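Listing of data22.txt, compact mmCIF, C-alpha atoms and all ligand atoms
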```
# COMPACT_ATOMS: atom_id res chain seq x y z
CA MET A 1 -11.30 22.12 -63.71
CA SER A 2 -12.03 25.17 -61.60
CA LYS A 3 -10.31 25.45 -58.28
CA PHE A 4 -12.08 24.92 -54.94
CA ILE A 5 -11.70 28.10 -52.88
CA VAL A 6 -12.37 28.68 -49.20
CA GLY A 7 -12.87 32.28 -48.02
CA LEU A 8 -11.40 32.80 -44.54
CA THR A 9 -12.66 35.78 -42.58
CA GLY A 10 -13.20 37.18 -39.09
CA GLY A 11 -13.05 40.54 -37.35
CA ILE A 12 -9.83 42.19 -36.24
CA GLY A 13 -7.99 40.07 -33.65
CA SER A 14 -10.26 37.06 -34.15
CA GLY A 15 -7.39 34.75 -35.12
CA LYS A 16 -7.58 34.71 -38.94
CA THR A 17 -3.83 34.93 -39.41
CA THR A 18 -3.22 32.25 -36.78
CA VAL A 19 -5.73 29.93 -38.49
CA ALA A 20 -4.42 30.77 -41.99
CA ASN A 21 -0.90 29.83 -40.89
CA ILE A 22 -2.09 26.39 -39.75
CA PHE A 23 -3.69 25.79 -43.17
CA ALA A 24 -0.41 26.91 -44.77
CA GLU A 25 1.50 24.39 -42.63
CA LEU A 26 -0.84 21.75 -44.05
CA GLY A 27 0.32 22.77 -47.55
CA ILE A 28 -2.62 24.95 -48.54
CA GLN A 29 -1.82 28.08 -50.52
CA LEU A 30 -3.12 31.40 -49.23
CA VAL A 31 -4.06 34.55 -51.08
CA ASP A 32 -4.31 37.57 -48.78
CA ALA A 33 -6.72 40.29 -49.93
CA ASP A 34 -5.07 42.96 -47.74
CA ILE A 35 -1.64 42.30 -49.23
CA ILE A 36 -3.05 42.52 -52.75
CA ALA A 37 -4.86 45.76 -51.88
CA ARG A 38 -1.48 47.24 -50.96
CA GLU A 39 0.33 45.80 -53.98
CA VAL A 40 -2.05 47.28 -56.56
CA VAL A 41 -1.07 50.79 -55.40
CA GLU A 42 2.64 50.28 -54.79
CA VAL A 43 5.18 52.64 -56.34
CA GLY A 44 5.23 52.25 -60.14
CA SER A 45 1.86 50.45 -60.30
CA GLU A 46 -0.88 51.36 -62.75
CA GLY A 47 -3.19 51.86 -59.75
CA LEU A 48 -0.96 54.45 -58.12
CA ASN A 49 -0.45 56.26 -61.46
CA LYS A 50 -4.22 56.57 -61.87
CA ILE A 51 -4.67 57.81 -58.30
CA THR A 52 -1.93 60.42 -58.79
CA ALA A 53 -3.47 61.57 -62.08
CA HIS A 54 -6.83 62.00 -60.31
CA PHE A 55 -5.81 63.53 -56.97
CA GLY A 56 -2.56 65.25 -57.95
CA LYS A 57 1.00 64.70 -56.78
CA SER A 58 0.14 65.98 -53.30
CA ILE A 59 -1.34 62.52 -52.60
CA LEU A 60 2.21 61.09 -52.59
CA ASN A 61 4.76 60.91 -49.81
CA LYS A 62 8.27 62.25 -50.42
CA ASP A 63 9.43 58.77 -51.44
CA GLN A 64 6.64 58.69 -54.11
CA SER A 65 4.60 56.10 -52.22
CA LEU A 66 0.89 56.64 -51.56
CA ASN A 67 0.10 58.85 -48.58
CA ARG A 68 -2.62 56.64 -47.16
CA SER A 69 -3.67 58.84 -44.28
CA LYS A 70 -4.15 61.77 -46.65
CA LEU A 71 -6.19 59.62 -49.04
CA ARG A 72 -8.27 58.32 -46.12
CA GLU A 73 -8.97 61.90 -45.03
CA ILE A 74 -10.12 62.91 -48.53
CA ILE A 75 -12.43 59.96 -49.08
CA PHE A 76 -13.82 60.19 -45.55
CA SER A 77 -15.20 63.67 -46.19
CA GLN A 78 -15.99 63.38 -49.93
CA PRO A 79 -18.27 60.46 -50.91
CA ASP A 80 -17.86 61.10 -54.67
CA LYS A 81 -14.09 60.69 -54.32
CA ARG A 82 -14.61 57.55 -52.25
CA GLU A 83 -16.80 56.12 -54.98
CA TRP A 84 -14.22 56.97 -57.65
CA LEU A 85 -11.52 55.22 -55.63
CA ASN A 86 -13.66 52.15 -54.96
CA ASN A 87 -14.51 51.90 -58.66
CA LEU A 88 -10.81 51.93 -59.45
CA MET A 89 -9.57 49.66 -56.67
CA HIS A 90 -12.19 46.93 -56.38
CA PRO A 91 -11.95 45.56 -59.95
CA MET A 92 -8.13 45.64 -59.80
CA ILE A 93 -8.05 43.79 -56.48
CA ARG A 94 -10.68 41.32 -57.61
CA SER A 95 -8.91 40.42 -60.83
CA GLU A 96 -5.54 39.99 -59.09
CA ILE A 97 -7.15 37.77 -56.42
CA HIS A 98 -8.80 35.74 -59.15
CA LYS A 99 -5.52 35.31 -61.03
CA ARG A 100 -3.61 34.15 -57.95
CA LEU A 101 -6.30 31.80 -56.71
CA ASN A 102 -6.48 30.17 -60.12
CA SER A 103 -2.74 29.67 -60.31
CA ALA A 104 -2.58 28.02 -56.87
CA THR A 105 -1.41 24.42 -57.08
CA SER A 106 -2.57 23.06 -53.70
CA PRO A 107 -5.68 20.77 -53.65
CA TYR A 108 -7.75 23.81 -52.71
CA ALA A 109 -6.79 27.42 -51.95
CA ILE A 110 -7.75 29.95 -49.30
CA LEU A 111 -8.64 33.59 -49.75
CA VAL A 112 -7.91 35.42 -46.48
CA ALA A 113 -10.01 38.58 -46.31
CA PRO A 114 -11.04 40.52 -43.19
CA LEU A 115 -13.71 42.25 -45.31
CA LEU A 116 -14.82 39.15 -47.23
CA PHE A 117 -18.54 39.90 -46.84
CA GLU A 118 -18.26 43.71 -46.73
CA ASN A 119 -16.48 43.83 -50.10
CA GLY A 120 -18.49 41.07 -51.80
CA LEU A 121 -15.39 38.87 -52.08
CA ASP A 122 -17.49 35.95 -50.85
CA ARG A 123 -18.73 35.75 -54.44
CA LEU A 124 -15.26 34.54 -55.47
CA VAL A 125 -15.27 31.52 -53.12
CA ASN A 126 -17.07 28.17 -52.86
CA LEU A 127 -17.37 28.20 -49.10
CA THR A 128 -16.82 30.70 -46.28
CA LEU A 129 -15.04 30.00 -42.98
CA LEU A 130 -15.39 32.42 -40.09
CA VAL A 131 -13.09 32.68 -37.08
CA ASP A 132 -15.39 33.84 -34.32
CA ILE A 133 -14.73 35.52 -30.97
CA SER A 134 -16.64 38.06 -28.89
CA PRO A 135 -15.96 41.80 -29.34
CA GLU A 136 -14.49 41.84 -25.80
CA GLN A 137 -11.92 39.23 -26.73
CA GLN A 138 -11.22 40.98 -30.05
CA LEU A 139 -10.30 44.05 -28.04
CA ASP A 140 -8.20 42.15 -25.48
CA ARG A 141 -6.20 40.18 -28.05
CA THR A 142 -5.65 43.09 -30.44
CA ILE A 143 -4.37 45.30 -27.61
CA ILE A 144 -1.85 42.63 -26.68
CA ARG A 145 -0.76 42.25 -30.35
CA ASP A 146 -0.69 45.89 -31.53
CA GLU A 147 0.34 49.14 -29.95
CA VAL A 148 -2.97 50.89 -30.53
CA SER A 149 -5.53 52.46 -28.23
CA SER A 150 -8.73 50.63 -27.29
CA GLU A 151 -10.57 53.57 -28.89
CA GLN A 152 -8.95 52.85 -32.27
CA ILE A 153 -9.71 49.14 -32.02
CA LYS A 154 -13.32 49.84 -31.07
CA ASN A 155 -13.65 52.08 -34.14
CA ILE A 156 -12.33 49.31 -36.38
CA ILE A 157 -14.66 46.74 -34.78
CA ASP A 158 -17.61 49.13 -35.33
CA SER A 159 -16.63 49.67 -38.99
CA GLN A 160 -16.73 45.91 -39.68
CA VAL A 161 -19.86 43.81 -40.21
CA PRO A 162 -21.49 43.02 -36.83
CA ARG A 163 -20.69 39.63 -35.35
CA ALA A 164 -24.25 38.30 -35.70
CA GLU A 165 -24.31 39.12 -39.40
CA ARG A 166 -20.97 37.41 -40.03
CA LEU A 167 -22.19 34.35 -38.12
CA SER A 168 -25.38 34.19 -40.17
CA LYS A 169 -23.47 34.41 -43.46
CA ALA A 170 -20.61 31.98 -42.83
CA ASP A 171 -20.82 28.32 -43.91
CA ASP A 172 -18.29 27.08 -41.34
CA VAL A 173 -17.28 28.64 -38.03
CA ILE A 174 -14.18 28.14 -35.89
CA ASP A 175 -14.91 29.12 -32.30
CA ASN A 176 -11.67 30.71 -31.07
CA HIS A 177 -12.70 31.62 -27.54
CA GLY A 178 -10.60 28.79 -26.17
CA LYS A 179 -6.89 28.21 -26.06
CA ILE A 180 -4.71 28.79 -29.11
CA SER A 181 -3.58 25.14 -28.84
CA ALA A 182 -7.16 24.03 -29.55
CA LEU A 183 -7.06 25.54 -33.03
CA LYS A 184 -4.91 22.97 -34.75
CA GLY A 185 -7.33 20.06 -34.26
CA LYS A 186 -10.24 22.16 -35.48
CA VAL A 187 -8.33 23.27 -38.57
CA ILE A 188 -7.24 19.70 -39.41
CA SER A 189 -10.80 18.45 -39.26
CA LEU A 190 -12.00 21.27 -41.57
CA HIS A 191 -9.03 20.65 -43.86
CA ASN A 192 -9.96 16.97 -44.25
CA ASN A 193 -13.48 18.00 -45.17
CA TYR A 194 -12.24 20.60 -47.68
CA LEU A 195 -9.99 18.01 -49.32
CA LYS A 196 -13.07 15.83 -49.88
CA LEU A 197 -15.13 18.74 -51.20
CA ALA A 198 -12.30 19.82 -53.50
CA ASN A 199 -12.01 16.28 -54.85
CA ASN A 200 -15.69 16.17 -55.70
CA ALA A 201 -15.85 19.71 -57.11
P1 LIG A 301 -6.45 38.45 -37.01
O1 LIG A 301 -5.52 38.01 -38.13
O2 LIG A 301 -7.85 37.96 -37.16
O3 LIG A 301 -6.41 39.93 -36.74
P2 LIG A 301 -4.53 37.06 -35.27
O4 LIG A 301 -4.45 35.68 -35.83
O5 LIG A 301 -3.40 37.99 -35.54
O6 LIG A 301 -5.93 37.75 -35.67
O7 LIG A 301 -4.76 36.92 -33.70
C1 LIG A 301 -4.79 38.08 -32.89
C2 LIG A 301 -3.86 37.89 -31.69
O8 LIG A 301 -4.43 36.94 -30.81
C3 LIG A 301 -2.49 37.34 -32.08
O9 LIG A 301 -1.51 37.92 -31.24
C4 LIG A 301 -2.64 35.83 -31.81
O10 LIG A 301 -1.40 35.24 -31.48
C5 LIG A 301 -3.59 35.82 -30.64
N1 LIG A 301 -4.49 34.64 -30.57
C6 LIG A 301 -5.09 34.00 -31.59
N2 LIG A 301 -5.85 32.99 -31.12
C7 LIG A 301 -5.72 33.00 -29.77
C8 LIG A 301 -6.27 32.20 -28.71
N3 LIG A 301 -7.12 31.20 -28.95
N4 LIG A 301 -5.92 32.52 -27.44
C9 LIG A 301 -5.07 33.55 -27.18
N5 LIG A 301 -4.52 34.34 -28.14
C10 LIG A 301 -4.85 34.07 -29.42
```

Starting from the coordinates I provided, produce the structure as structure tokens.
Amino acid sequence: MSKFIVGLTGGIGSGKTTVANIFAELGIQLVDADIIAREVVEVGSEGLNKITAHFGKSILNKDQSLNRSKLREIIFSQPDKREWLNNLMHPMIRSEIHKRLNSATSPYAILVAPLLFENGLDRLVNLTLLVDISPEQQLDRTIIRDEVSSEQIKNIIDSQVPRAERLSKADDVIDNHGKISALKGKVISLHNNYLKLANNA
């Protein structure tokens, strides 16, 4: 029997992590695409060895970990290098996500991915759930959470799929403009529906 998978997404500061944690409290296992993307290039990984062989040892920090800002700089200015990196990373990330989702033991599992649509990860899931807020609120909440400038947050928001496109692609939407305390009820009602769908899958 193949597992029923929900893909949870939303722009920066929308409330994905907050929502994901409520599902986790309900006993649903989470697979986080961002965490996996970091793990496949951690020190000693096959991914990092391949990157070092391609870009040279100067791509490493003193402690032998990947110098991400340097790599970002290179791929920003050189599209062929970006393509090489994407061709290496995407299949590795995808196969690790697949493996972990399949080994989940909860009635269904959730893939948490900020770039679910951008990176085509929606193809790995049965149903997509979007946490939606306005760009103004994304900015306000992210500034409270992180010590970053509004300029940096605006750049991240602009680099992500526009809100209207996300809304048109998602199967289910959680409106998170209201109070944080309103989320739990919304998540429980979706959860009950997902349990039914997973049972019939
Ligand atoms: P994401 O994972 O999508 O970046 P988070 O779940 O970390 O977003 O939420 C961003 C910030 O906003 C966090 O500090 C979180 O506690 C807060 N937050 C989430 N939902 C609400 C809400 N409805 N009202 C106020 N703050 C919220």

_Leu139 in chain A environment, 9 Å, all atoms listed in the file, sequence neighbours closer than 5 positions dropped, as a ChimeraX atom specification_ = /A:12-13,134,144,150,153-154,157

Keeping C-alpha atoms, export the residues of the selection given above as a JSON list (two decimals), in the frame of the given file.
```json
[["chain", "number", "residue", "atom", "x", "y", "z"],
["A", 12, "ILE", "CA", -9.83, 42.19, -36.24],
["A", 13, "GLY", "CA", -7.99, 40.07, -33.65],
["A", 134, "SER", "CA", -16.64, 38.06, -28.89],
["A", 144, "ILE", "CA", -1.85, 42.63, -26.68],
["A", 150, "SER", "CA", -8.73, 50.63, -27.29],
["A", 153, "ILE", "CA", -9.71, 49.14, -32.02],
["A", 154, "LYS", "CA", -13.32, 49.84, -31.07],
["A", 157, "ILE", "CA", -14.66, 46.74, -34.78]]
```

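For the set A:Asp80, A:Asp34, A:Asp132, A:Asp63, the residue with the smallest atom-to-atom gap to Ala164 in chain A is A:Asp132, counting all atoms listed in the file.
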
Set the cut-off to 6 Å, count all atoms listed in the file, and list whatever residues fall near ligand LIG 301 (chain A) as a PDB file with C-alpha atoms, keeping the file's coordinate frame.
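selection.pdb written:
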```pdb
ATOM      1  CA  GLY A  10     -13.200  37.180 -39.090  1.00  0.00           C
ATOM      2  CA  GLY A  11     -13.050  40.540 -37.350  1.00  0.00           C
ATOM      3  CA  ILE A  12      -9.830  42.190 -36.240  1.00  0.00           C
ATOM      4  CA  GLY A  13      -7.990  40.070 -33.650  1.00  0.00           C
ATOM      5  CA  SER A  14     -10.260  37.060 -34.150  1.00  0.00           C
ATOM      6  CA  GLY A  15      -7.390  34.750 -35.120  1.00  0.00           C
ATOM      7  CA  LYS A  16      -7.580  34.710 -38.940  1.00  0.00           C
ATOM      8  CA  THR A  17      -3.830  34.930 -39.410  1.00  0.00           C
ATOM      9  CA  THR A  18      -3.220  32.250 -36.780  1.00  0.00           C
ATOM     10  CA  ARG A 141      -6.200  40.180 -28.050  1.00  0.00           C
ATOM     11  CA  THR A 142      -5.650  43.090 -30.440  1.00  0.00           C
ATOM     12  CA  ARG A 145      -0.760  42.250 -30.350  1.00  0.00           C
ATOM     13  CA  ASN A 176     -11.670  30.710 -31.070  1.00  0.00           C
ATOM     14  CA  HIS A 177     -12.700  31.620 -27.540  1.00  0.00           C
ATOM     15  CA  GLY A 178     -10.600  28.790 -26.170  1.00  0.00           C
ATOM     16  CA  LYS A 179      -6.890  28.210 -26.060  1.00  0.00           C
ATOM     17  CA  ILE A 180      -4.710  28.790 -29.110  1.00  0.00           C
TER      18      ILE A 180
END
```

Sorted per-residue table, range 12-81 of chain A near range 87-111 of chain A, closest atoms and distance, 9 Å, all atoms listed in the file, as CSV:
```
residue,atom,partner,partner_atom,distance
A:Ala20,CA,A:Ile110,CA,8.1
A:Phe23,CA,A:Ile110,CA,8.4
A:Gly27,CA,A:Ser106,CA,6.8
A:Ile28,CA,A:Ser106,CA,5.5
A:Gln29,CA,A:Ala109,CA,5.2
A:Leu30,CA,A:Ile110,CA,4.9
A:Val31,CA,A:Leu111,CA,4.9
A:Asp32,CA,A:Leu111,CA,6.0
A:Ala33,CA,A:Leu111,CA,7.0
A:Ile36,CA,A:Ile93,CA,6.4
A:Ala37,CA,A:Ile93,CA,5.9
A:Glu39,CA,A:Ile93,CA,9.0
A:Val40,CA,A:Ile93,CA,6.9
A:Val41,CA,A:Met89,CA,8.7
A:Gly47,CA,A:Met89,CA,7.4
A:Lys50,CA,A:Leu88,CA,8.4
A:Ile51,CA,A:Leu88,CA,8.6
```

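Minimum atom-to-atom distances from A:Glu25, A:Asp158, A:Asp172, A:Glu136 to Gly7 in chain A were compared using all atoms listed in the file, and the lowest value belongs to A:Asp172.
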
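Distance annotation: of A:Thr9, A:Leu66, A:Ser189, A:Val19, the residue with the minimal separation from Val112 in chain A is A:Thr9; atom set is only C-alpha atoms.
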
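Straight-line separation from CA of Val125 in chain A to CA of Lys186 in chain A: 20.6 Å.
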
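Computed from the coordinates, the CA of Leu127 in chain A to CA of Ala170 in chain A distance equals 8.0 Å.
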
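Across A:Glu42, A:Pro135, A:Glu73, A:His54, the tightest approach to Ile156 in chain A is made by A:Pro135 when counting all atoms listed in the file.
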
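A straight line drawn from CA of Gln137 in chain A to CA of Gln152 in chain A is 15.0 Å long.
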
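With distances restricted to all atoms listed in the file, A:Leu26 is the closest residue to Asn192 in chain A from A:Leu26, A:Ile35, A:Ser149, A:Val173.
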
*Tell me which protein, DNA and RNA residues are within 10 Å of Leu60 in chain A, counting only C-alpha atoms, leaving out same-chain ones fewer than 5 positions away, and put them as a list in words.*
Val43, Leu48, Ile51, Thr52, Phe55, Ser65, Leu66, Asn67, Arg68, Lys70 and Leu71 of chain A
